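These notes are about the structure you will find just below.
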Amino acid sequence: MIKKLAHNVLQHLGILSRLRQYQRELDKIKILVARGLIAQMKSAGPQDNICNFEFSVFSQWGDDGIIQYLVHRLGIVPHSFVEFGVENYLESNTRFLLINNNWRGLVIDASKENVDCIKKDEIYWKYDLTAVCAHVTMENINRTLVENGFEGDIGILSIDVDGNDYWIWSSIDVINPTLVIIEYNSFFGEKRAVTIPYEPEFVRTKAHYSTVYWGASLKALCFLAGKKGYVFVGSNSNGNNAYFVRKDRSRTLKVQSPESGYVKARYREARDRHGQLIHVSGEDALKTIGDMPIYDVENETTVRISDLF
């Protein structure tokens with residue numbers, strides 16, 4: 001109620017329109033700077049560590065740069081993408097790709113408010129973008145993709161749902177991405193191939209008060225990638241996004257193991273029972289969810305986290 005009232009007051013005073021104009025001008029400057037970095041990247045040649053090419057225009061971390069590097073190294077790929085878990089799409093892995101490279105895309109988010117916001121953004125008429133409101137599950141993802149005109153070969157699939165990421169990727173079979181970007185839970189380390197058990201209605205903030213009980217380990221995603229015909233080529237320097245390339249397109253890239261490509265996240269987002277940040281990471285964060293179940297994808301068993309780590 002207060003948020004809506006404040007929005008109406010700012011709109012009445014004309015402040016919102018001026019803020020939007022300032023943001024558009026700032027975005028143009030950021031894009032111009034990024035294009036200079038892309039030119040340098042193309043002349044630098046291949047490197048083993050994809051983190052060397054990080055920069056951020058609209059991505060939360062340095063993923064815009066990594067994506068541009070990989071697209072350049074991969075050569076001709078379909079100019080289309082699918083990304084879900086985008087919130088209002090102001091911060092995402094594919095917005096820069098949409099605007100700078102003029103790709104076609106589908107974005108999905110569970111919040112109607114977020115999707116409405118995307119559809120009101122000027123990018124929705126300037127570019128070939130489809131925004132859909134849906135809570136993505138194993139059961140509905142393929143139908144959602146087909147119903148919105150996405151099947152067969154595409155350029156990029158980006159998954160960030162803070163929960164069933166492993167299970168959803170495992171169930172996708174109607175699209176064939178060249179590059180897959182998927183978030184991993186760094187707190188699970190690099191030695192165990194584990195994920196949360198599948199629960200269609202999983203919501204991270206409700207599953208455990210700490211908010212660190214979600215997703216899959218990097219090794220679990222590498223295990224799944226191998227089964228689906230992909231190789232792991234690295235992580236971003238923040239230790240949350242892993243990059244997988246289809247085997248038939250990976251010749252110019254160095255393949256990493258879960259151990260060599262793992263990056264330990266330094267963010268400290270664990271919370272106490274009152275919702276307050278407790279500023280711990282790694283093993284200390286893992287201790288807060290020790291009693292929660294975890295699924296070992298290699299051994300196909302479910303155990304408690306404290307029994308495994």
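Identifiers in the structure tokens: chain A, B, ... in order shown; residue index from 1 per chain; ligand index from 1 in order shown.
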
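Every protein, DNA or RNA residue with an atom at most 10 Å from stretch 297-299 of chain A, where only C-alpha atoms count and chain neighbours fewer than 5 positions away do not, is listed here: Tyr166, Arg192, Ala193, Val194, Thr195, Ile196, Pro197, Ala216, Lys219, Ala220, Leu221, Phe223 and Leu224 of chain A.
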
Just-selected residues, C-alpha atoms written as a CSV table (one decimal), in the first residue's frame:
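result_29.csv, written as the output of this step:
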```
chain,number,residue,atom,x,y,z
A,166,TYR,CA,19.1,-29.7,-11.3
A,192,ARG,CA,29.9,-34.2,-3.6
A,193,ALA,CA,27.3,-34.7,-6.4
A,194,VAL,CA,24.2,-33.6,-4.5
A,195,THR,CA,21.0,-31.7,-4.9
A,196,ILE,CA,17.9,-30.9,-2.9
A,197,PRO,CA,15.3,-33.6,-3.3
A,216,ALA,CA,22.7,-28.4,-6.5
A,219,LYS,CA,29.7,-31.7,-9.3
A,220,ALA,CA,26.0,-32.8,-9.5
A,221,LEU,CA,25.5,-30.4,-12.4
A,223,PHE,CA,27.3,-35.2,-13.6
A,224,LEU,CA,24.0,-34.3,-15.3
```

So which bits of stretch 97-148 of chain A end up strand (DSSP E) when you DSSP the backbone, as a list in words? Arg104, Gly105, Leu106, Val107, Ile108, Asp109, Leu129, Thr130, Ala131, Val132 and Cys133 of chain A

Excluding A:Tyr127 and residues on its chain fewer than 6 positions from it, collect all residues at most 12 Å away from it, counting only C-alpha atoms, and give them as a VMD selection string. chain A and resid 80 95 to 106 118 to 119 121

Export, as a PDB file, in the first residue's frame, the selected residues with N, CA and C atoms.
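Resulting contents of selection.pdb:
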```
ATOM      1  N   SER A  80      18.987 -17.141 -30.204  1.00  0.00           N
ATOM      2  CA  SER A  80      17.793 -17.249 -29.363  1.00  0.00           C
ATOM      3  C   SER A  80      18.196 -17.752 -27.985  1.00  0.00           C
ATOM      4  N   ARG A  95      19.705  -9.952 -20.779  1.00  0.00           N
ATOM      5  CA  ARG A  95      19.213  -8.632 -21.205  1.00  0.00           C
ATOM      6  C   ARG A  95      20.218  -7.934 -22.132  1.00  0.00           C
ATOM      7  N   PHE A  96      21.503  -8.000 -21.788  1.00  0.00           N
ATOM      8  CA  PHE A  96      22.525  -7.381 -22.637  1.00  0.00           C
ATOM      9  C   PHE A  96      22.581  -8.084 -23.994  1.00  0.00           C
ATOM     10  N   LEU A  97      22.428  -9.387 -23.997  1.00  0.00           N
ATOM     11  CA  LEU A  97      22.413 -10.161 -25.236  1.00  0.00           C
ATOM     12  C   LEU A  97      21.223  -9.743 -26.106  1.00  0.00           C
ATOM     13  N   LEU A  98      20.090  -9.502 -25.478  1.00  0.00           N
ATOM     14  CA  LEU A  98      18.890  -9.069 -26.198  1.00  0.00           C
ATOM     15  C   LEU A  98      19.117  -7.715 -26.864  1.00  0.00           C
ATOM     16  N   ILE A  99      19.663  -6.764 -26.094  1.00  0.00           N
ATOM     17  CA  ILE A  99      19.805  -5.391 -26.578  1.00  0.00           C
ATOM     18  C   ILE A  99      21.024  -5.231 -27.482  1.00  0.00           C
ATOM     19  N   ASN A 100      22.161  -5.770 -27.072  1.00  0.00           N
ATOM     20  CA  ASN A 100      23.403  -5.569 -27.826  1.00  0.00           C
ATOM     21  C   ASN A 100      23.480  -6.451 -29.074  1.00  0.00           C
ATOM     22  N   ASN A 101      23.020  -7.706 -28.945  1.00  0.00           N
ATOM     23  CA  ASN A 101      23.142  -8.651 -30.052  1.00  0.00           C
ATOM     24  C   ASN A 101      21.830  -8.879 -30.799  1.00  0.00           C
ATOM     25  N   ASN A 102      20.745  -8.309 -30.251  1.00  0.00           N
ATOM     26  CA  ASN A 102      19.427  -8.377 -30.890  1.00  0.00           C
ATOM     27  C   ASN A 102      18.942  -9.818 -31.072  1.00  0.00           C
ATOM     28  N   TRP A 103      19.159 -10.640 -30.042  1.00  0.00           N
ATOM     29  CA  TRP A 103      18.667 -12.009 -30.070  1.00  0.00           C
ATOM     30  C   TRP A 103      17.179 -12.054 -29.735  1.00  0.00           C
ATOM     31  N   ARG A 104      16.559 -13.157 -30.078  1.00  0.00           N
ATOM     32  CA  ARG A 104      15.167 -13.442 -29.719  1.00  0.00           C
ATOM     33  C   ARG A 104      15.159 -14.223 -28.412  1.00  0.00           C
ATOM     34  N   GLY A 105      14.211 -13.918 -27.499  1.00  0.00           N
ATOM     35  CA  GLY A 105      14.256 -14.603 -26.221  1.00  0.00           C
ATOM     36  C   GLY A 105      12.926 -14.848 -25.553  1.00  0.00           C
ATOM     37  N   LEU A 106      12.953 -15.835 -24.642  1.00  0.00           N
ATOM     38  CA  LEU A 106      11.818 -16.152 -23.773  1.00  0.00           C
ATOM     39  C   LEU A 106      12.301 -16.054 -22.342  1.00  0.00           C
ATOM     40  N   ILE A 118       7.990  -6.366 -16.901  1.00  0.00           N
ATOM     41  CA  ILE A 118       8.762  -6.626 -18.121  1.00  0.00           C
ATOM     42  C   ILE A 118       7.984  -6.169 -19.352  1.00  0.00           C
ATOM     43  N   LYS A 119       6.691  -6.463 -19.368  1.00  0.00           N
ATOM     44  CA  LYS A 119       5.872  -6.130 -20.530  1.00  0.00           C
ATOM     45  C   LYS A 119       5.657  -4.620 -20.679  1.00  0.00           C
ATOM     46  N   ASP A 121       8.121  -2.487 -19.957  1.00  0.00           N
ATOM     47  CA  ASP A 121       9.443  -1.970 -20.317  1.00  0.00           C
ATOM     48  C   ASP A 121       9.499  -1.752 -21.834  1.00  0.00           C
TER      49      ASP A 121
END
```
